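Engineer: Sharing run01.pdb (PDB, C-alpha atoms) below.
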ATOM      1  CA  MET A   1     325.797 151.879 143.834
ATOM      2  CA  ALA A   2     323.591 151.370 146.722
ATOM      3  CA  GLY A   3     321.734 148.024 147.121
ATOM      4  CA  PRO A   4     317.892 147.620 146.956
ATOM      5  CA  VAL A   5     315.879 149.029 149.804
ATOM      6  CA  LEU A   6     313.461 146.594 151.505
ATOM      7  CA  LEU A   7     310.251 148.182 152.814
ATOM      8  CA  THR A   8     309.128 146.491 155.985
ATOM      9  CA  PRO A   9     305.772 147.408 157.351
ATOM     10  CA  ALA A  10     305.559 148.990 160.711
ATOM     11  CA  PRO A  11     304.433 146.692 163.505
ATOM     12  CA  GLY A  12     301.382 148.866 164.241
ATOM     13  CA  GLY A  13     300.169 148.822 160.637
ATOM     14  CA  LEU A  14     300.364 145.028 160.434
ATOM     15  CA  ALA A  15     298.317 144.607 163.577
ATOM     16  CA  LEU A  16     295.660 146.966 162.193
ATOM     17  CA  ARG A  17     295.407 145.006 158.974
ATOM     18  CA  LEU A  18     295.082 141.728 160.794
ATOM     19  CA  ALA A  19     292.282 143.177 162.950
ATOM     20  CA  VAL A  20     290.378 144.421 159.896
ATOM     21  CA  ILE A  21     290.784 141.092 158.071
ATOM     22  CA  GLY A  22     289.574 139.199 161.155
ATOM     23  CA  ALA A  23     286.505 141.376 161.456
ATOM     24  CA  LEU A  24     285.612 140.941 157.790
ATOM     25  CA  TRP A  25     286.108 137.188 158.028
ATOM     26  CA  GLY A  26     283.826 137.012 161.047
ATOM     27  CA  LEU A  27     281.083 138.922 159.279
ATOM     28  CA  GLY A  28     281.352 136.699 156.238
ATOM     29  CA  LEU A  29     281.140 133.542 158.349
ATOM     30  CA  ALA A  30     278.052 134.862 160.148
ATOM     31  CA  GLY A  31     276.375 135.500 156.815
ATOM     32  CA  LEU A  32     277.158 131.984 155.587
ATOM     33  CA  VAL A  33     275.657 130.229 158.594
ATOM     34  CA  GLN A  34     272.784 132.807 158.893
ATOM     35  CA  LEU A  35     273.184 133.434 162.584
ATOM     36  CA  PRO A  36     270.121 135.333 163.923
ATOM     37  CA  LEU A  37     270.774 138.681 165.418
ATOM     38  CA  GLY A  38     268.539 139.237 168.413
ATOM     39  CA  PRO A  39     266.438 142.435 168.335
ATOM     40  CA  PRO A  40     266.375 144.776 171.287
ATOM     41  CA  LEU A  41     263.978 143.917 174.099
ATOM     42  CA  SER A  42     261.928 146.996 173.340
ATOM     43  CA  ARG A  43     261.163 145.578 169.860
ATOM     44  CA  LEU A  44     259.910 142.166 170.987
ATOM     45  CA  PRO A  45     256.669 141.297 169.115
ATOM     46  CA  SER A  46     253.487 141.259 171.160
ATOM     47  CA  SER A  47     252.880 137.600 170.261
ATOM     48  CA  GLN A  48     256.101 136.444 171.900
ATOM     49  CA  PRO A  49     255.452 134.398 175.050
ATOM     50  CA  GLY A  50     255.985 136.311 178.216
ATOM     51  CA  SER A  51     255.013 139.688 176.804
ATOM     52  CA  PRO A  52     252.405 141.685 178.768
ATOM     53  CA  SER A  53     249.914 141.782 175.889
ATOM     54  CA  THR A  54     250.066 137.996 175.474
ATOM     55  CA  ALA A  55     249.436 137.444 179.168
ATOM     56  CA  ALA A  56     246.476 139.776 179.057
ATOM     57  CA  SER A  57     244.979 138.157 175.962
ATOM     58  CA  ALA A  58     245.473 134.655 177.344
ATOM     59  CA  ALA A  59     243.557 135.416 180.520
ATOM     60  CA  PRO A  60     240.195 133.552 180.603
ATOM     61  CA  ALA A  61     237.002 135.523 180.229
ATOM     62  CA  ALA A  62     235.398 136.495 183.490
ATOM     63  CA  ALA A  63     232.491 134.271 184.565
ATOM     64  CA  PRO A  64     229.065 135.927 184.276
ATOM     65  CA  ALA A  65     227.856 137.485 187.475
ATOM     66  CA  SER A  66     225.169 135.672 189.429
ATOM     67  CA  ALA A  67     222.911 138.665 188.856
ATOM     68  CA  ASP A  68     222.716 137.654 185.192
ATOM     69  CA  LEU A  69     220.662 134.599 186.275
ATOM     70  CA  GLY A  70     218.003 136.838 187.773
ATOM     71  CA  PRO A  71     215.636 136.798 184.768
ATOM     72  CA  LEU A  72     215.873 132.994 184.504
ATOM     73  CA  VAL A  73     215.046 132.529 188.191
ATOM     74  CA  ALA A  74     212.152 134.979 187.907
ATOM     75  CA  ASP A  75     210.763 133.105 184.899
ATOM     76  CA  ALA A  76     211.003 129.768 186.742
ATOM     77  CA  ASP A  77     209.178 131.217 189.765
ATOM     78  CA  LEU A  78     206.499 132.660 187.518
ATOM     79  CA  LEU A  79     205.926 129.326 185.773
ATOM     80  CA  ALA A  80     205.780 127.480 189.102
ATOM     81  CA  ASN A  81     203.240 130.001 190.421
ATOM     82  CA  LEU A  82     201.125 129.626 187.281
ATOM     83  CA  ASP A  83     201.187 125.830 187.674
ATOM     84  CA  ARG A  84     200.004 126.131 191.287
ATOM     85  CA  GLN A  85     197.219 128.503 190.319
ATOM     86  CA  GLU A  86     196.099 126.216 187.507
ATOM     87  CA  ALA A  87     196.077 123.183 189.821
ATOM     88  CA  LEU A  88     194.078 125.139 192.399
ATOM     89  CA  GLN A  89     191.484 126.214 189.859
ATOM     90  CA  ASP A  90     191.131 122.663 188.522
ATOM     91  CA  ALA A  91     190.690 121.225 192.030
ATOM     92  CA  ARG A  92     188.168 123.910 192.952
ATOM     93  CA  GLN A  93     186.126 123.317 189.842
ATOM     94  CA  GLN A  94     186.166 119.550 190.321
ATOM     95  CA  ALA A  95     185.166 119.878 193.970
ATOM     96  CA  THR A  96     182.366 122.316 193.141
ATOM     97  CA  VAL A  97     180.860 119.919 190.614
ATOM     98  CA  PHE A  98     181.082 116.961 192.985
ATOM     99  CA  LEU A  99     179.679 118.857 195.985
ATOM    100  CA  ARG A 100     176.813 120.119 193.846
ATOM    101  CA  ARG A 101     175.933 116.532 193.027
ATOM    102  CA  PHE A 102     176.290 115.542 196.682
ATOM    103  CA  VAL A 103     173.982 118.283 197.951
ATOM    104  CA  GLY A 104     171.408 117.498 195.276
ATOM    105  CA  ALA A 105     171.523 113.757 195.928
ATOM    106  CA  ALA A 106     171.255 114.193 199.720
ATOM    107  CA  ILE A 107     168.257 116.500 199.423
ATOM    108  CA  THR A 108     166.594 114.073 197.004
ATOM    109  CA  ARG A 109     167.172 111.182 199.398
ATOM    110  CA  PHE A 110     165.669 113.262 202.201
ATOM    111  CA  LEU A 111     162.514 113.683 200.149
ATOM    112  CA  TRP A 112     162.381 109.891 199.953
ATOM    113  CA  GLY A 113     162.699 109.556 203.706
ATOM    114  CA  ALA A 114     166.429 109.675 204.592
ATOM    115  CA  LEU A 115     169.505 111.780 203.950
ATOM    116  CA  GLY A 116     171.773 108.827 203.213
ATOM    117  CA  GLY A 117     174.910 107.822 205.046
ATOM    118  CA  SER A 118     177.219 106.698 202.223
ATOM    119  CA  LEU A 119     178.314 107.804 198.794
ATOM    120  CA  ASP A 120     177.190 104.473 197.351
ATOM    121  CA  GLY A 121     173.740 105.067 198.782
ATOM    122  CA  LEU A 122     173.725 108.470 197.085
ATOM    123  CA  GLY A 123     174.972 106.999 193.806
ATOM    124  CA  LEU A 124     178.221 108.995 193.838
ATOM    125  CA  GLU A 125     181.773 107.981 193.009
ATOM    126  CA  PRO A 126     184.473 109.977 194.861
ATOM    127  CA  PRO A 127     187.215 111.852 192.967
ATOM    128  CA  GLU A 128     190.407 109.838 192.532
ATOM    129  CA  ASP A 129     192.792 112.672 193.409
ATOM    130  CA  MET A 130     191.039 113.703 196.634
ATOM    131  CA  ALA A 131     190.580 112.169 200.042
ATOM    132  CA  VAL A 132     186.889 111.854 200.950
ATOM    133  CA  LYS A 133     185.386 111.921 204.445
ATOM    134  CA  LEU A 134     181.643 111.435 204.906
ATOM    135  CA  THR A 135     180.283 111.925 208.425
ATOM    136  CA  VAL A 136     176.967 112.165 210.193
ATOM    137  CA  PRO A 137     177.129 114.610 213.130
ATOM    138  CA  ALA A 138     176.283 112.794 216.351
ATOM    139  CA  ASN A 139     174.068 115.595 217.615
ATOM    140  CA  LEU A 140     172.136 115.622 214.342
ATOM    141  CA  ALA A 141     171.796 111.907 213.691
ATOM    142  CA  GLY A 142     169.434 111.360 210.815
ATOM    143  CA  GLN A 143     169.066 115.112 210.354
ATOM    144  CA  ALA A 144     172.410 116.066 208.775
ATOM    145  CA  VAL A 145     175.194 114.647 206.635
ATOM    146  CA  GLN A 146     178.570 116.222 205.914
ATOM    147  CA  LEU A 147     181.182 115.595 203.209
ATOM    148  CA  GLU A 148     184.792 116.836 203.245
ATOM    149  CA  LEU A 149     187.184 116.720 200.253
ATOM    150  CA  THR A 150     190.946 117.119 200.681
ATOM    151  CA  PRO A 151     193.063 117.268 197.492
ATOM    152  CA  HIS A 152     196.345 115.363 197.527
ATOM    153  CA  GLN A 153     198.111 118.634 196.611
ATOM    154  CA  GLY A 154     197.464 122.137 197.847
ATOM    155  CA  GLN A 155     196.197 123.639 201.089
ATOM    156  CA  GLU A 156     192.565 124.308 200.192
ATOM    157  CA  ARG A 157     189.846 121.917 201.351
ATOM    158  CA  TYR A 158     186.196 121.620 200.411
ATOM    159  CA  LEU A 159     183.187 120.959 202.603
ATOM    160  CA  ALA A 160     179.457 120.414 202.137
ATOM    161  CA  ARG A 161     176.637 119.836 204.585
ATOM    162  CA  VAL A 162     172.947 119.063 204.184
ATOM    163  CA  VAL A 163     170.692 119.656 207.185
ATOM    164  CA  ALA A 164     166.998 118.767 207.521
ATOM    165  CA  LEU A 165     164.995 121.317 209.444
ATOM    166  CA  GLY A 166     161.440 120.163 209.781
ATOM    167  CA  ASN A 167     160.201 119.157 206.370
ATOM    168  CA  VAL A 168     162.848 121.123 204.449
ATOM    169  CA  ALA A 169     166.468 120.167 203.742
ATOM    170  CA  HIS A 170     169.090 122.882 203.341
ATOM    171  CA  GLY A 171     172.524 122.445 201.805
ATOM    172  CA  VAL A 172     175.693 124.501 201.474
ATOM    173  CA  ALA A 173     179.200 123.929 200.047
ATOM    174  CA  CYS A 174     182.319 125.767 201.208
ATOM    175  CA  ARG A 175     186.052 126.087 200.579
ATOM    176  CA  GLY A 176     188.758 126.968 203.074
ATOM    177  CA  GLY A 177     191.784 125.738 204.939
ATOM    178  CA  GLY A 178     191.191 126.287 208.630
ATOM    179  CA  PRO A 179     189.357 124.277 211.267
ATOM    180  CA  VAL A 180     185.736 123.417 210.637
ATOM    181  CA  GLY A 181     183.499 125.309 213.037
ATOM    182  CA  GLY A 182     179.771 125.459 213.358
ATOM    183  CA  PHE A 183     177.388 126.083 210.467
ATOM    184  CA  GLY A 184     175.019 129.002 210.802
ATOM    185  CA  LEU A 185     171.491 129.519 209.582
ATOM    186  CA  GLN A 186     170.134 132.764 208.233
ATOM    187  CA  GLY A 187     166.451 132.514 207.397
ATOM    188  CA  ASP A 188     166.221 129.400 205.241
ATOM    189  CA  ARG A 189     169.839 129.640 204.149
ATOM    190  CA  LEU A 190     172.598 127.459 205.606
ATOM    191  CA  LEU A 191     175.875 129.340 206.147
ATOM    192  CA  CYS A 192     179.514 128.164 205.975
ATOM    193  CA  PRO A 193     181.650 127.990 209.146
ATOM    194  CA  PRO A 194     183.636 131.120 210.049
ATOM    195  CA  GLY A 195     186.676 131.572 207.792
ATOM    196  CA  TRP A 196     185.216 129.464 204.977
ATOM    197  CA  GLN A 197     183.808 130.821 201.714
ATOM    198  CA  GLU A 198     180.667 129.566 200.064
ATOM    199  CA  LEU A 199     180.751 127.749 196.733
ATOM    200  CA  SER A 200     177.880 128.026 194.309
ATOM    201  CA  VAL A 201     176.241 124.603 194.150
ATOM    202  CA  GLN A 202     172.781 125.698 193.106
ATOM    203  CA  PRO A 203     171.824 124.379 189.650
ATOM    204  CA  ALA A 204     171.498 127.004 186.962
ATOM    205  CA  ARG A 205     167.947 128.152 186.395
ATOM    206  CA  ARG A 206     166.518 128.000 182.919
TER     207      ARG A 206
END
Can the structure from this file be put into structure tokens for me?

Structural biologist:
Amino acid sequence: MAGPVLLTPAPGGLALRLAVIGALWGLGLAGLVQLPLGPPLSRLPSSQPGSPSTAASAAPAAAPASADLGPLVADADLLANLDRQEALQDARQQATVFLRRFVGAAITRFLWGALGGSLDGLGLEPPEDMAVKLTVPANLAGQAVQLELTPHQGQERYLARVVALGNVAHGVACRGGGPVGGFGLQGDRLLCPPGWQELSVQPARR
């Protein structure tokens, strides 16, 4: 009677089994420790640092162009121009009122015998925000008196002169910015120097 037959596995089959068991053991160990499996580069989320979309979104917003300040600059220039025009109108009105009083006072003093050589003698107080220059022309001593007002701001100046011709005194007030030339006479009307414009200093008639 033949003895028992022992089945011994082939060397190749044993190696295959060991390889399969090792692979299964490795997968089970990875599951236990929860090792992350990296996704492909093409599936990286857009929020991951270094991605093109993140770099684009992180870029700072472009600064506004200087042309956007155009309306603000225009508004500032407009307001500054309005302030200058308002200051000019106020100075012109103040000078007109004062020169009207000067011409009237000088003519009144002439009727009493003299034109007057000072503002105190005419009973006038000069404006606080204007430089005042009262002169008596040398060639018309006792026959003419002249007053010049120069505001502390602005380029416009104001001028008045009263001249006695015979028994009648004539007065005129002017505004301008150039040199003061000679005064003209047209009939019984005294005229401003060339380049100067006449101001109305005649009292309103009732």

Engineer: Point out the residue among A:Gly123, A:Pro179, A:Gly195, A:Gly166 with the least atom-to-atom distance to Ala105 (chain A), counting only C-alpha atoms.

Structural biologist: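 Under the stated criterion, the closest residue is A:Gly123.
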
Engineer: Kindly resolve the PyMOL selection byres ((chain A and resi 93) around 12) on the present coordinates and return the residues as an MDAnalysis selection string.

Structural biologist: chainID A and resid 86:92 94:100 127 151 158 175 199:201

Engineer: Evaluate the PyMOL selection byres ((chain A and resi 144) around 8) against this structure - the residues, as a PyMOL selection string, please.

Structural biologist: chain A and resi 115+136-137+140-143+145-146+161-164

Engineer: What would the file look like if the residues just selected were written as a PDB file, in the frame of the given file with C-alpha atoms?

Structural biologist:
ATOM      1  CA  LEU A 115     169.505 111.780 203.950  1.00  0.00           C
ATOM      2  CA  VAL A 136     176.967 112.165 210.193  1.00  0.00           C
ATOM      3  CA  PRO A 137     177.129 114.610 213.130  1.00  0.00           C
ATOM      4  CA  LEU A 140     172.136 115.622 214.342  1.00  0.00           C
ATOM      5  CA  ALA A 141     171.796 111.907 213.691  1.00  0.00           C
ATOM      6  CA  GLY A 142     169.434 111.360 210.815  1.00  0.00           C
ATOM      7  CA  GLN A 143     169.066 115.112 210.354  1.00  0.00           C
ATOM      8  CA  VAL A 145     175.194 114.647 206.635  1.00  0.00           C
ATOM      9  CA  GLN A 146     178.570 116.222 205.914  1.00  0.00           C
ATOM     10  CA  ARG A 161     176.637 119.836 204.585  1.00  0.00           C
ATOM     11  CA  VAL A 162     172.947 119.063 204.184  1.00  0.00           C
ATOM     12  CA  VAL A 163     170.692 119.656 207.185  1.00  0.00           C
ATOM     13  CA  ALA A 164     166.998 118.767 207.521  1.00  0.00           C
TER      14      ALA A 164
END

Engineer: One decimal, Å: what's the distance from CA of Ala169 (chain A) over to CA of Leu111 (chain A), could you say?

Structural biologist: 8.4 Å

Engineer: Applying 10 Å and only C-alpha atoms, which residues near Gln155 (chain A) remain after dropping the ones on its own chain fewer than 2 positions away? List them as JSON, numbers by chain.

Structural biologist: {"A": [88, 150, 151, 152, 153, 157, 176, 177, 178]}
